[in-house]
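Some notes on the structure that comes next.
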There are 2 protein chains.
Amino acid sequence: MSLHFEIHAICPTTGARAGMLHTAHGSIPTPVFMPVGTQATVKALTPRDLAVELDAKIILANTYHLFLRPGHERIERMGGLHKFMSWPRAILTDSGGFQVFSLDTLRKVTEEGVLFRSHLNGDAHFFTPESTVDVQISFGSDILMALDECLSYPATHDAALESMQRTIRWARAAYAHYLKREKGLDCALFPIVQGSMFADLRRACAEELMTLDAPGYAIGGLSVGEPRDLSQEMAAVTAPLLPPQKPRYVMGVGMPEELPEYVAHGVDMMDCVLPSRNARNGYLFTSQGKVVIKQAQYMDDQRPVDPNCTCYTCRTFTRAYLRHLFQAGEILFSMLATLHNIHYYLDIMTRMRHAILLGNFPEFLRSMRSVALRSSE
Amino acid sequence: MSLHFEIHAICPTTGARAGMLHTAHGSIPTPVFMPVGTQATVKALTPRDLAVELDAKIILANTYHLFLRPGHERIERMGGLHKFMSWPRAILTDSGGFQVFSLDTLRKVTEEGVLFRSHLNGDAHFFTPESTVDVQISFGSDILMALDECLSYPATHDAALESMQRTIRWARAAYAHYLKREKGLDCALFPIVQGSMFADLRRACAEELMTLDAPGYAIGGLSVGEPRDLSQEMAAVTAPLLPPQKPRYVMGVGMPEELPEYVAHGVDMMDCVLPSRNARNGYLFTSQGKVVIKQAQYMDDQRPVDPNCTCYTCRTFTRAYLRHLFQAGEILFSMLATLHNIHYYLDIMTRMRHAILLGNFPEFLRSMRSVALRSSE
């Protein structure tokens with residue numbers, strides 16, 4: 001296990017943390033947003049764009065998707081995921097649990113694991129806590145996630161309790177297996193706190209998982225259809241229970257204006273498909289609110305998407321041109337829009353980190369909230 | 001008119017020419033292949049890729065498509081096509097004739113021009129020799145093409161004669177209009193030799209158009225469904241009739257192995273959608289023949305697409321990874337494949353030019369023919 005986390009500053013008002021996460025594939029300033037590279041590519045970006053233009057330090061890849069195609073054994077033969085996709089920096093892989101529980105309708109959960117069918121060809125597969133560790137070790141991931149059961153919203157307290165307890169048992173099994181296999185490897189396994197939207201279950205789950213003394217902890221089971229303030233509430237309840245010296249990762253969030261809220265709860269890591277998916281659909285995030293590029297108002301607009309942005313897209317192209325590309329269905333639109341949206345997210349993270357280090361995070365949080373208010377008017 | 005063409009060397013055996021075409025947006029070593037940017041973007045490439053990674057000096061854009069969307073008046077308001085698409089180097093635009101005659105079924109040709117319906121929304125539009133010059137001047141194109149009638153294959157001698165004569169009358173009208181408008185502008189108009197697959201008509205058309213003393217000439221009406229050796233034959237018949245001191249452009253060709261054949265006929269400029277379209281469909285050109293990336297043989301292939309290629313794609317990624325991206329339908333595949341295929345075309349052009357300058361073009365031609373033979377086995 002080579003993961004090492006340093007905390008450089010903590011906001012005394014909110015508890016927001018600025019730190020540095022050291023991995024075998026580079027050091028990652030936190031708080032960090034991880035662009036999502038589902039199928040071993042962050043859609044519409046080259047790894048060069050990601051590293052040189054965006055300076056992303058870590059990306060997320062999906063165990064479920066890569067297990068099915070091209071297969072973990074193939075990726076291992078190709079020298080691991082970093083080499084396969086030519087990404088020399090850090091990679092976190094999820095456990096596959098989220099996809100199994102959200103994509104597949106034909107699944108069966110047992111104490112041993114979960115039986116599911118491939119969304120590609122219907123083939124049956126069985127994930128166990130141990131097997132998903134093995135798959136992620138085949139990838140050569142820097143950070144592995146323990147198999148969890150991810151409930152949809154809403155769930156009853158009984159169902160959430162049963163599922164949370166199973167997630168704990170799976171996390172123990174995954175962690176024991178990881179400890180057997182991790183010697184000589186540079187990887188860390190994070191268990192995932194579940195408990196649906198019940199604070200008591202979140203607390204109980206966090207307490208149990210802390211006995212594992214894992215190198216980091218995630219809060220999962222959010223962004224499953226619940227109202228956004230409920231996701232925030234669950235993160236707010238759970239994060240302070242996690243070991244203060246270890247990185248805390250909230251999975252699958254959020255909108256740009258939510259990023260500072262999570263950080264204010266003491267969260268260090270986040271990931272989300274929103275910036276890239278919205279980009280491809282023509283929704284661009286800017287410091288002045290959302291730009292829906294298909295709107296006729298942008299037809300003759302010679303301004304960059306965001307006049308305050310320094311990304312290649314904003315340095316080079318007008319809204320009028322981007323609108324033309326979008327209307328014409330051109331691939332270049334997806335490329336330029338993705339670059340911009342991810343830049344926007346990463347820039348928020350960088351500015352937040354500076355604010356925490358400089359001791360003015362509360363002011364930063366207030367200014368982000370007022371922008372969010374203005375742009376939602 | 002700022003176009004100036006210098007010839008630096010002529011192959012004494014074949015007549016292949018190495019030269020330099022000077023435009024207001026840079027100098028272009030010839031023979032040159034022009035990547036096609038139909039809708040003001042070479043699909044799946046940024047202008048930075050085109051300039052920095054590929055060092056393309058000139059691209060082609062389509063008058064028909066840009067006239068319909070976003071409209072030439074909008075492009076003019078945005079500062080012209082170079083600024084609109086952030087491409088500071090040279091642009092050639094076609095006349096729109098090819099698309100009107102190939103895409104649209106509802107069209108009516110009169111002496112004055114051609115009535116056609118938009119493929120986007122069915123709106124009726126009328127192109128005249130004069131209006132297409134005006135449209136291209138609105139774009140700010142460096143090289144404009146005269147409106148021509150482009151027959152499909154096969155055509156009768158009578159139909160081809162009538163059409164060719166109309167093309168000549170249109171070229172005269174376009175040229176007269178261009179002469180009235182070009183003062184103070186940096187653009188050149190090329191007439192297009194038509195005549196279907198009839199050598200006598202091609203000859204007659206070339207002779208008539210030469211009286212215009214235009215700054216360059218194109219050979220059009222090829223790649224319309226005829227056998228490839230017939231396209232070659234028409235280029236071979238026509239090119240030597242064109243003014244030797246002016247650039248000669250064969251429109252819409254060709255396969256990589258055909259490029260040297262056209263150059264051997266004394267052709268200086270070519271364009272084709274093949275490298276980019278084939279790229280998106282998974283057909284990659286290499287020095288060792290075609291790679292159809294979806295084939296199972298590439299699943300575990302750790303070699304670059306073309307071991308002899310120096311492009312970003314080949315420097316960075318394996319065939320196995322590219323196959324994975326293609327199978328997964330990822331945008332990055334189109335990006336990397338397009339970059340490679342266009343690099344392959346431009347590299348052939350560069351090597352041809354060097355061969356002509358060094359006096360060993362016949363050897364180059366022989367070696368390309370033997371590669372083509374091997375890869376077609």
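Every chain in the structure tokens takes a letter, A first, then B, and so on in the order presented; its residues are numbered from 1, and the ligands are numbered from 1 following the presented order.
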Practice task
Using only C-alpha atoms, determine which residues lie at most 10 Å from segment 242-251 of chain A, disregarding the query and same-chain residues fewer than 4 positions distant; provide the list as a ChimeraX atom specification.
Solution key: /A:3-7,17,19-21,30-34,94,98,190,192-193,203,206-207,209-210,213-223,231,235,238,262-263,266-272
Practice task
Find the spatial neighbours of Met145 of chain B, counting only C-alpha atoms, within a cut-off of 8 Å - ignore same-chain residues fewer than 2 positions away - and output them as number ranges by chain.
Solution key: B: 92-95, 133, 143, 147, 189-192
Hey, can you spit out that residue selection with N, CA and C atoms as a JSON list (two decimals), in the first residue's frame?
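The result, written out as selection.json:
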[["chain", "number", "residue", "atom", "x", "y", "z"],
["B", 92, "LEU", "N", -9.55, 26.52, -49.03],
["B", 92, "LEU", "CA", -10.18, 26.43, -50.34],
["B", 92, "LEU", "C", -11.63, 26.03, -50.14],
["B", 93, "THR", "N", -12.54, 26.70, -50.82],
["B", 93, "THR", "CA", -13.93, 26.26, -50.76],
["B", 93, "THR", "C", -14.37, 25.80, -52.14],
["B", 94, "ASP", "N", -15.14, 24.73, -52.15],
["B", 94, "ASP", "CA", -15.68, 24.27, -53.43],
["B", 94, "ASP", "C", -16.85, 25.18, -53.81],
["B", 95, "SER", "N", -17.41, 24.96, -54.98],
["B", 95, "SER", "CA", -18.43, 25.88, -55.50],
["B", 95, "SER", "C", -19.82, 25.54, -55.00],
["B", 133, "VAL", "N", -19.71, 32.79, -56.20],
["B", 133, "VAL", "CA", -18.49, 33.59, -55.99],
["B", 133, "VAL", "C", -18.70, 34.51, -54.79],
["B", 143, "ILE", "N", -8.93, 30.27, -51.87],
["B", 143, "ILE", "CA", -9.16, 29.76, -53.22],
["B", 143, "ILE", "C", -10.64, 29.45, -53.37],
["B", 147, "LEU", "N", -18.70, 27.74, -60.10],
["B", 147, "LEU", "CA", -19.84, 26.81, -60.14],
["B", 147, "LEU", "C", -19.75, 25.95, -61.39],
["B", 189, "LEU", "N", -9.77, 32.52, -58.06],
["B", 189, "LEU", "CA", -10.85, 31.64, -58.51],
["B", 189, "LEU", "C", -10.31, 30.61, -59.50],
["B", 190, "PHE", "N", -10.62, 29.35, -59.23],
["B", 190, "PHE", "CA", -10.23, 28.28, -60.15],
["B", 190, "PHE", "C", -11.47, 27.81, -60.92],
["B", 191, "PRO", "N", -11.43, 27.80, -62.27],
["B", 191, "PRO", "CA", -12.47, 27.12, -63.04],
["B", 191, "PRO", "C", -12.26, 25.61, -62.98],
["B", 192, "ILE", "N", -13.32, 24.86, -63.31],
["B", 192, "ILE", "CA", -13.27, 23.40, -63.20],
["B", 192, "ILE", "C", -13.51, 22.77, -64.57]]
Practice task
Point out the residue among B:Arg315, B:Arg202, B:His8, B:His177 with the least atom-to-atom distance to chain A, counting only C-alpha atoms.
Solution key: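 Residue with the minimum atom-to-atom distance to chain A: B:Arg315.
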Problem - segment 112-348 of chain B: residues DSSP assigns to alpha helix (DSSP H), reported as a ChimeraX atom specification - result: /B:129-139,157-181,199-210,228-238,259-264,274-280,312-316,319-327,331-348
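Within 7 Å of chain B, counting only C-alpha atoms, chain A contributes Lys43, Ala44, Leu45, Thr46, Pro70, Met78, Phe84, Met85, Ser86, Gln302, Thr316, Phe317, Tyr321, His324, Glu330, Ile331 and Leu332 of chain A.
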